[in-house]
Amino acid sequence: MPIGEYIGALLSALGDLWGVALIGSFFVMICEAAKPKRREDEEADKPSDFALPVMILSLVTPLLLFFHAFLTVGATLPGLIALVTLLGGLIIGSGLIGWIISLVARDIGRTLNRAAPILAVIVFALTLYVTWASVFGFVNDFVTGVAAG
């Protein structure tokens, strides 16, 4: 079975909201990667107090999507290959697209980069909604297993 069919089966098994959260995460990664280099006459932007939590949310979002898919589909080799291929391709693709935007359209890249924190919080909330049941179930089983000895 070709990888495209595996990815299609993976997406149909995980549901539409997981796909929407994945697309949202992809767009947030593009926005974050679209930050153009500063010109020599520009001042550096001061990071806000909101920057560190948003960066953490941006890193946790793809991990939650991966973890939910891994727990839902299971550790089958074709499912794992499709999952790693899909998420790896999206991460690399979003970085390349954002980099190209930052080179070609500086003003658009700057605007996208400024919108990234707000979009990251929204996409994280959606991802948390989609993945909470499987992640909570895993943590609950893990804690119960550790407590049982």
# chains A, B, ... in the order shown; residues from 1 in each chain; ligands from 1
$ select_by_dssp --residues "region 40-97 of chain A" --states "helix (DSSP H, G or I)" --output "PyMOL selection string"
chain A and resi 51-73+77-97
$ residues_around --residues "Val104 (chain A)" --least-positions-apart "4" --cutoff "12 Å" --atoms "only C-alpha atoms" --output "PyMOL selection string"
chain A and resi 34-37+97-100+108-110
$ write_last_selection --atoms "N, CA and C atoms" --output "PDB file, in the first residue's frame"
ATOM      1  N   ALA A  34       7.926  32.919   9.048  1.00  0.00           N
ATOM      2  CA  ALA A  34       7.908  34.000   8.058  1.00  0.00           C
ATOM      3  C   ALA A  34       8.540  35.291   8.553  1.00  0.00           C
ATOM      4  N   LYS A  35       9.159  35.279   9.708  1.00  0.00           N
ATOM      5  CA  LYS A  35       9.761  36.503  10.239  1.00  0.00           C
ATOM      6  C   LYS A  35      10.983  36.874   9.409  1.00  0.00           C
ATOM      7  N   PRO A  36      10.941  38.031   8.774  1.00  0.00           N
ATOM      8  CA  PRO A  36      12.095  38.425   7.950  1.00  0.00           C
ATOM      9  C   PRO A  36      13.260  38.902   8.821  1.00  0.00           C
ATOM     10  N   LYS A  37      14.443  38.864   8.243  1.00  0.00           N
ATOM     11  CA  LYS A  37      15.612  39.388   8.947  1.00  0.00           C
ATOM     12  C   LYS A  37      15.459  40.892   9.084  1.00  0.00           C
ATOM     13  N   ILE A  97       8.141  27.140   3.509  1.00  0.00           N
ATOM     14  CA  ILE A  97       7.179  28.131   3.012  1.00  0.00           C
ATOM     15  C   ILE A  97       7.344  29.450   3.758  1.00  0.00           C
ATOM     16  N   GLY A  98       7.484  29.383   5.082  1.00  0.00           N
ATOM     17  CA  GLY A  98       7.691  30.602   5.866  1.00  0.00           C
ATOM     18  C   GLY A  98       8.977  31.307   5.499  1.00  0.00           C
ATOM     19  N   TRP A  99      10.031  30.551   5.257  1.00  0.00           N
ATOM     20  CA  TRP A  99      11.321  31.134   4.858  1.00  0.00           C
ATOM     21  C   TRP A  99      11.196  31.837   3.512  1.00  0.00           C
ATOM     22  N   ILE A 100      10.498  31.207   2.565  1.00  0.00           N
ATOM     23  CA  ILE A 100      10.301  31.818   1.249  1.00  0.00           C
ATOM     24  C   ILE A 100       9.487  33.106   1.378  1.00  0.00           C
ATOM     25  N   ILE A 108       4.490  41.086   4.332  1.00  0.00           N
ATOM     26  CA  ILE A 108       3.533  40.008   4.610  1.00  0.00           C
ATOM     27  C   ILE A 108       4.104  39.075   5.667  1.00  0.00           C
ATOM     28  N   GLY A 109       5.391  38.763   5.551  1.00  0.00           N
ATOM     29  CA  GLY A 109       6.039  37.917   6.545  1.00  0.00           C
ATOM     30  C   GLY A 109       6.010  38.524   7.928  1.00  0.00           C
ATOM     31  N   ARG A 110       6.242  39.816   8.014  1.00  0.00           N
ATOM     32  CA  ARG A 110       6.205  40.500   9.303  1.00  0.00           C
ATOM     33  C   ARG A 110       4.787  40.472   9.884  1.00  0.00           C
TER      34      ARG A 110
END
$ residues_around --residues "Leu71 (chain A)" --least-positions-apart "4" --cutoff "9 Å" --atoms "only C-alpha atoms" --output "list of chain:residue names"
A:Phe66, A:Phe67, A:Ala75, A:Ser134, A:Val135, A:Phe138
$ residues_around --residues "region 113-130 of chain A" --least-positions-apart "3" --cutoff "9 Å" --atoms "only C-alpha atoms" --output "NGL selection string"
:A and (17-18 or 20-22 or 24-25 or 27-36 or 50-51 or 54-55 or 57-58 or 60-62 or 64-65 or 68 or 108-110 or 133-134)
$ residues_around --residues "Ala82 (chain A)" --least-positions-apart "6" --cutoff "8 Å" --atoms "only C-alpha atoms" --output "list in words"
Ile3, Tyr6, Ile7 and Leu10 of chain A
$ closest_residue --among "A:Val84, A:Leu63, A:Ala147, A:Thr76" --to "Thr131 (chain A)" --atoms "only C-alpha atoms"
A:Leu63
$ closest_residue --among "A:Leu52, A:Ile23, A:Val139, A:Leu103" --to "Leu86 (chain A)" --atoms "only C-alpha atoms"
A:Ile23
$ atom_distance --atom1 "CA of Phe26 (chain A)" --atom2 "CA of Gly88 (chain A)"
10.8 Å
$ atom_distance --atom1 "CA of Ser12 (chain A)" --atom2 "CA of Ala69 (chain A)"
11.2 Å
$ closest_residue --among "A:Arg38, A:Trp132, A:Val73, A:Phe142" --to "Ala9 (chain A)" --atoms "only C-alpha atoms"
A:Val73
$ closest_residue --among "A:Asp141, A:Ile101, A:Phe70, A:Gly149" --to "Ala13 (chain A)" --atoms "only C-alpha atoms"
A:Phe70
$ closest_residue --among "A:Ile92, A:Ala105, A:Leu14, A:Ala148" --to "Gly79 (chain A)" --atoms "only C-alpha atoms"
A:Leu14
$ decode --residues "region 44-148 of chain A" --atoms "C-alpha atoms" --output "PDB file, in the first residue's frame"
ATOM      1  CA  ALA A  44      15.048  44.677  17.504  1.00  0.00           C
ATOM      2  CA  ASP A  45      11.561  43.873  18.750  1.00  0.00           C
ATOM      3  CA  LYS A  46      11.413  43.413  22.486  1.00  0.00           C
ATOM      4  CA  PRO A  47       9.848  40.092  23.447  1.00  0.00           C
ATOM      5  CA  SER A  48       6.656  40.457  25.413  1.00  0.00           C
ATOM      6  CA  ASP A  49       5.787  38.650  28.622  1.00  0.00           C
ATOM      7  CA  PHE A  50       3.406  36.604  26.512  1.00  0.00           C
ATOM      8  CA  ALA A  51       6.174  35.308  24.204  1.00  0.00           C
ATOM      9  CA  LEU A  52       7.564  32.425  26.288  1.00  0.00           C
ATOM     10  CA  PRO A  53       4.215  30.736  27.046  1.00  0.00           C
ATOM     11  CA  VAL A  54       3.196  31.064  23.396  1.00  0.00           C
ATOM     12  CA  MET A  55       6.485  29.510  22.250  1.00  0.00           C
ATOM     13  CA  ILE A  56       5.877  26.601  24.604  1.00  0.00           C
ATOM     14  CA  LEU A  57       2.314  26.189  23.305  1.00  0.00           C
ATOM     15  CA  SER A  58       3.642  26.193  19.736  1.00  0.00           C
ATOM     16  CA  LEU A  59       6.041  23.391  20.596  1.00  0.00           C
ATOM     17  CA  VAL A  60       3.503  21.347  22.548  1.00  0.00           C
ATOM     18  CA  THR A  61       0.788  21.496  19.872  1.00  0.00           C
ATOM     19  CA  PRO A  62       2.458  19.155  17.306  1.00  0.00           C
ATOM     20  CA  LEU A  63       3.509  16.852  20.139  1.00  0.00           C
ATOM     21  CA  LEU A  64      -0.086  16.558  21.349  1.00  0.00           C
ATOM     22  CA  LEU A  65      -1.247  15.851  17.804  1.00  0.00           C
ATOM     23  CA  PHE A  66       1.417  13.159  17.422  1.00  0.00           C
ATOM     24  CA  PHE A  67       0.677  11.638  20.819  1.00  0.00           C
ATOM     25  CA  HIS A  68      -3.072  11.524  20.182  1.00  0.00           C
ATOM     26  CA  ALA A  69      -2.589   9.936  16.768  1.00  0.00           C
ATOM     27  CA  PHE A  70      -0.121   7.409  18.164  1.00  0.00           C
ATOM     28  CA  LEU A  71      -2.535   6.410  20.930  1.00  0.00           C
ATOM     29  CA  THR A  72      -5.558   6.335  18.626  1.00  0.00           C
ATOM     30  CA  VAL A  73      -4.124   4.482  15.638  1.00  0.00           C
ATOM     31  CA  GLY A  74      -1.796   2.316  17.678  1.00  0.00           C
ATOM     32  CA  ALA A  75       1.789   1.398  17.180  1.00  0.00           C
ATOM     33  CA  THR A  76       1.373  -0.405  13.879  1.00  0.00           C
ATOM     34  CA  LEU A  77       4.298   0.074  11.549  1.00  0.00           C
ATOM     35  CA  PRO A  78       2.266   1.434   8.604  1.00  0.00           C
ATOM     36  CA  GLY A  79       0.369   3.821  10.886  1.00  0.00           C
ATOM     37  CA  LEU A  80       3.569   5.035  12.506  1.00  0.00           C
ATOM     38  CA  ILE A  81       5.294   5.519   9.155  1.00  0.00           C
ATOM     39  CA  ALA A  82       2.302   7.483   7.845  1.00  0.00           C
ATOM     40  CA  LEU A  83       2.168   9.596  11.000  1.00  0.00           C
ATOM     41  CA  VAL A  84       5.872  10.441  11.028  1.00  0.00           C
ATOM     42  CA  THR A  85       5.813  11.143   7.288  1.00  0.00           C
ATOM     43  CA  LEU A  86       2.786  13.419   7.591  1.00  0.00           C
ATOM     44  CA  LEU A  87       4.002  15.411  10.583  1.00  0.00           C
ATOM     45  CA  GLY A  88       7.617  15.568   9.412  1.00  0.00           C
ATOM     46  CA  GLY A  89       6.553  16.751   5.975  1.00  0.00           C
ATOM     47  CA  LEU A  90       4.312  19.423   7.467  1.00  0.00           C
ATOM     48  CA  ILE A  91       7.027  20.701   9.794  1.00  0.00           C
ATOM     49  CA  ILE A  92       9.673  20.860   7.066  1.00  0.00           C
ATOM     50  CA  GLY A  93       7.194  22.250   4.526  1.00  0.00           C
ATOM     51  CA  SER A  94       5.968  24.979   6.851  1.00  0.00           C
ATOM     52  CA  GLY A  95       9.532  26.041   7.595  1.00  0.00           C
ATOM     53  CA  LEU A  96      10.364  26.264   3.901  1.00  0.00           C
ATOM     54  CA  ILE A  97       7.179  28.131   3.012  1.00  0.00           C
ATOM     55  CA  GLY A  98       7.691  30.602   5.866  1.00  0.00           C
ATOM     56  CA  TRP A  99      11.321  31.134   4.858  1.00  0.00           C
ATOM     57  CA  ILE A 100      10.301  31.818   1.249  1.00  0.00           C
ATOM     58  CA  ILE A 101       7.646  34.299   2.417  1.00  0.00           C
ATOM     59  CA  SER A 102      10.227  36.077   4.579  1.00  0.00           C
ATOM     60  CA  LEU A 103      12.538  36.445   1.581  1.00  0.00           C
ATOM     61  CA  VAL A 104       9.991  37.386  -1.070  1.00  0.00           C
ATOM     62  CA  ALA A 105       7.402  39.431   0.823  1.00  0.00           C
ATOM     63  CA  ARG A 106       8.937  41.046   3.907  1.00  0.00           C
ATOM     64  CA  ASP A 107       5.844  43.013   4.907  1.00  0.00           C
ATOM     65  CA  ILE A 108       3.533  40.008   4.610  1.00  0.00           C
ATOM     66  CA  GLY A 109       6.039  37.917   6.545  1.00  0.00           C
ATOM     67  CA  ARG A 110       6.205  40.500   9.303  1.00  0.00           C
ATOM     68  CA  THR A 111       2.398  40.635   9.493  1.00  0.00           C
ATOM     69  CA  LEU A 112       2.112  36.845   9.602  1.00  0.00           C
ATOM     70  CA  ASN A 113       4.782  36.702  12.296  1.00  0.00           C
ATOM     71  CA  ARG A 114       2.921  39.243  14.425  1.00  0.00           C
ATOM     72  CA  ALA A 115      -0.300  37.216  14.085  1.00  0.00           C
ATOM     73  CA  ALA A 116       1.428  33.958  15.048  1.00  0.00           C
ATOM     74  CA  PRO A 117       1.042  34.243  18.854  1.00  0.00           C
ATOM     75  CA  ILE A 118      -2.709  34.786  18.687  1.00  0.00           C
ATOM     76  CA  LEU A 119      -3.151  31.984  16.177  1.00  0.00           C
ATOM     77  CA  ALA A 120      -0.924  29.688  18.256  1.00  0.00           C
ATOM     78  CA  VAL A 121      -3.175  30.083  21.297  1.00  0.00           C
ATOM     79  CA  ILE A 122      -6.304  29.395  19.233  1.00  0.00           C
ATOM     80  CA  VAL A 123      -4.800  26.316  17.570  1.00  0.00           C
ATOM     81  CA  PHE A 124      -3.514  25.034  20.917  1.00  0.00           C
ATOM     82  CA  ALA A 125      -7.010  25.346  22.398  1.00  0.00           C
ATOM     83  CA  LEU A 126      -8.452  23.364  19.489  1.00  0.00           C
ATOM     84  CA  THR A 127      -5.688  20.763  19.774  1.00  0.00           C
ATOM     85  CA  LEU A 128      -6.277  20.433  23.500  1.00  0.00           C
ATOM     86  CA  TYR A 129      -9.985  19.926  22.852  1.00  0.00           C
ATOM     87  CA  VAL A 130      -9.292  17.246  20.245  1.00  0.00           C
ATOM     88  CA  THR A 131      -6.614  15.366  22.185  1.00  0.00           C
ATOM     89  CA  TRP A 132      -7.632  15.655  25.831  1.00  0.00           C
ATOM     90  CA  ALA A 133      -9.487  12.326  26.065  1.00  0.00           C
ATOM     91  CA  SER A 134      -6.662  10.149  24.784  1.00  0.00           C
ATOM     92  CA  VAL A 135      -3.942  12.037  26.658  1.00  0.00           C
ATOM     93  CA  PHE A 136      -5.955  12.016  29.893  1.00  0.00           C
ATOM     94  CA  GLY A 137      -6.645   8.297  29.460  1.00  0.00           C
ATOM     95  CA  PHE A 138      -2.965   7.555  28.935  1.00  0.00           C
ATOM     96  CA  VAL A 139      -1.864   9.621  31.939  1.00  0.00           C
ATOM     97  CA  ASN A 140      -4.587   8.024  34.067  1.00  0.00           C
ATOM     98  CA  ASP A 141      -3.510   4.500  33.055  1.00  0.00           C
ATOM     99  CA  PHE A 142       0.145   5.384  33.651  1.00  0.00           C
ATOM    100  CA  VAL A 143      -0.492   6.798  37.121  1.00  0.00           C
ATOM    101  CA  THR A 144      -2.726   3.859  38.037  1.00  0.00           C
ATOM    102  CA  GLY A 145      -0.055   1.420  36.858  1.00  0.00           C
ATOM    103  CA  VAL A 146       2.675   3.164  38.824  1.00  0.00           C
ATOM    104  CA  ALA A 147       0.498   3.359  41.943  1.00  0.00           C
ATOM    105  CA  ALA A 148      -0.374  -0.340  41.686  1.00  0.00           C
TER     106      ALA A 148
END
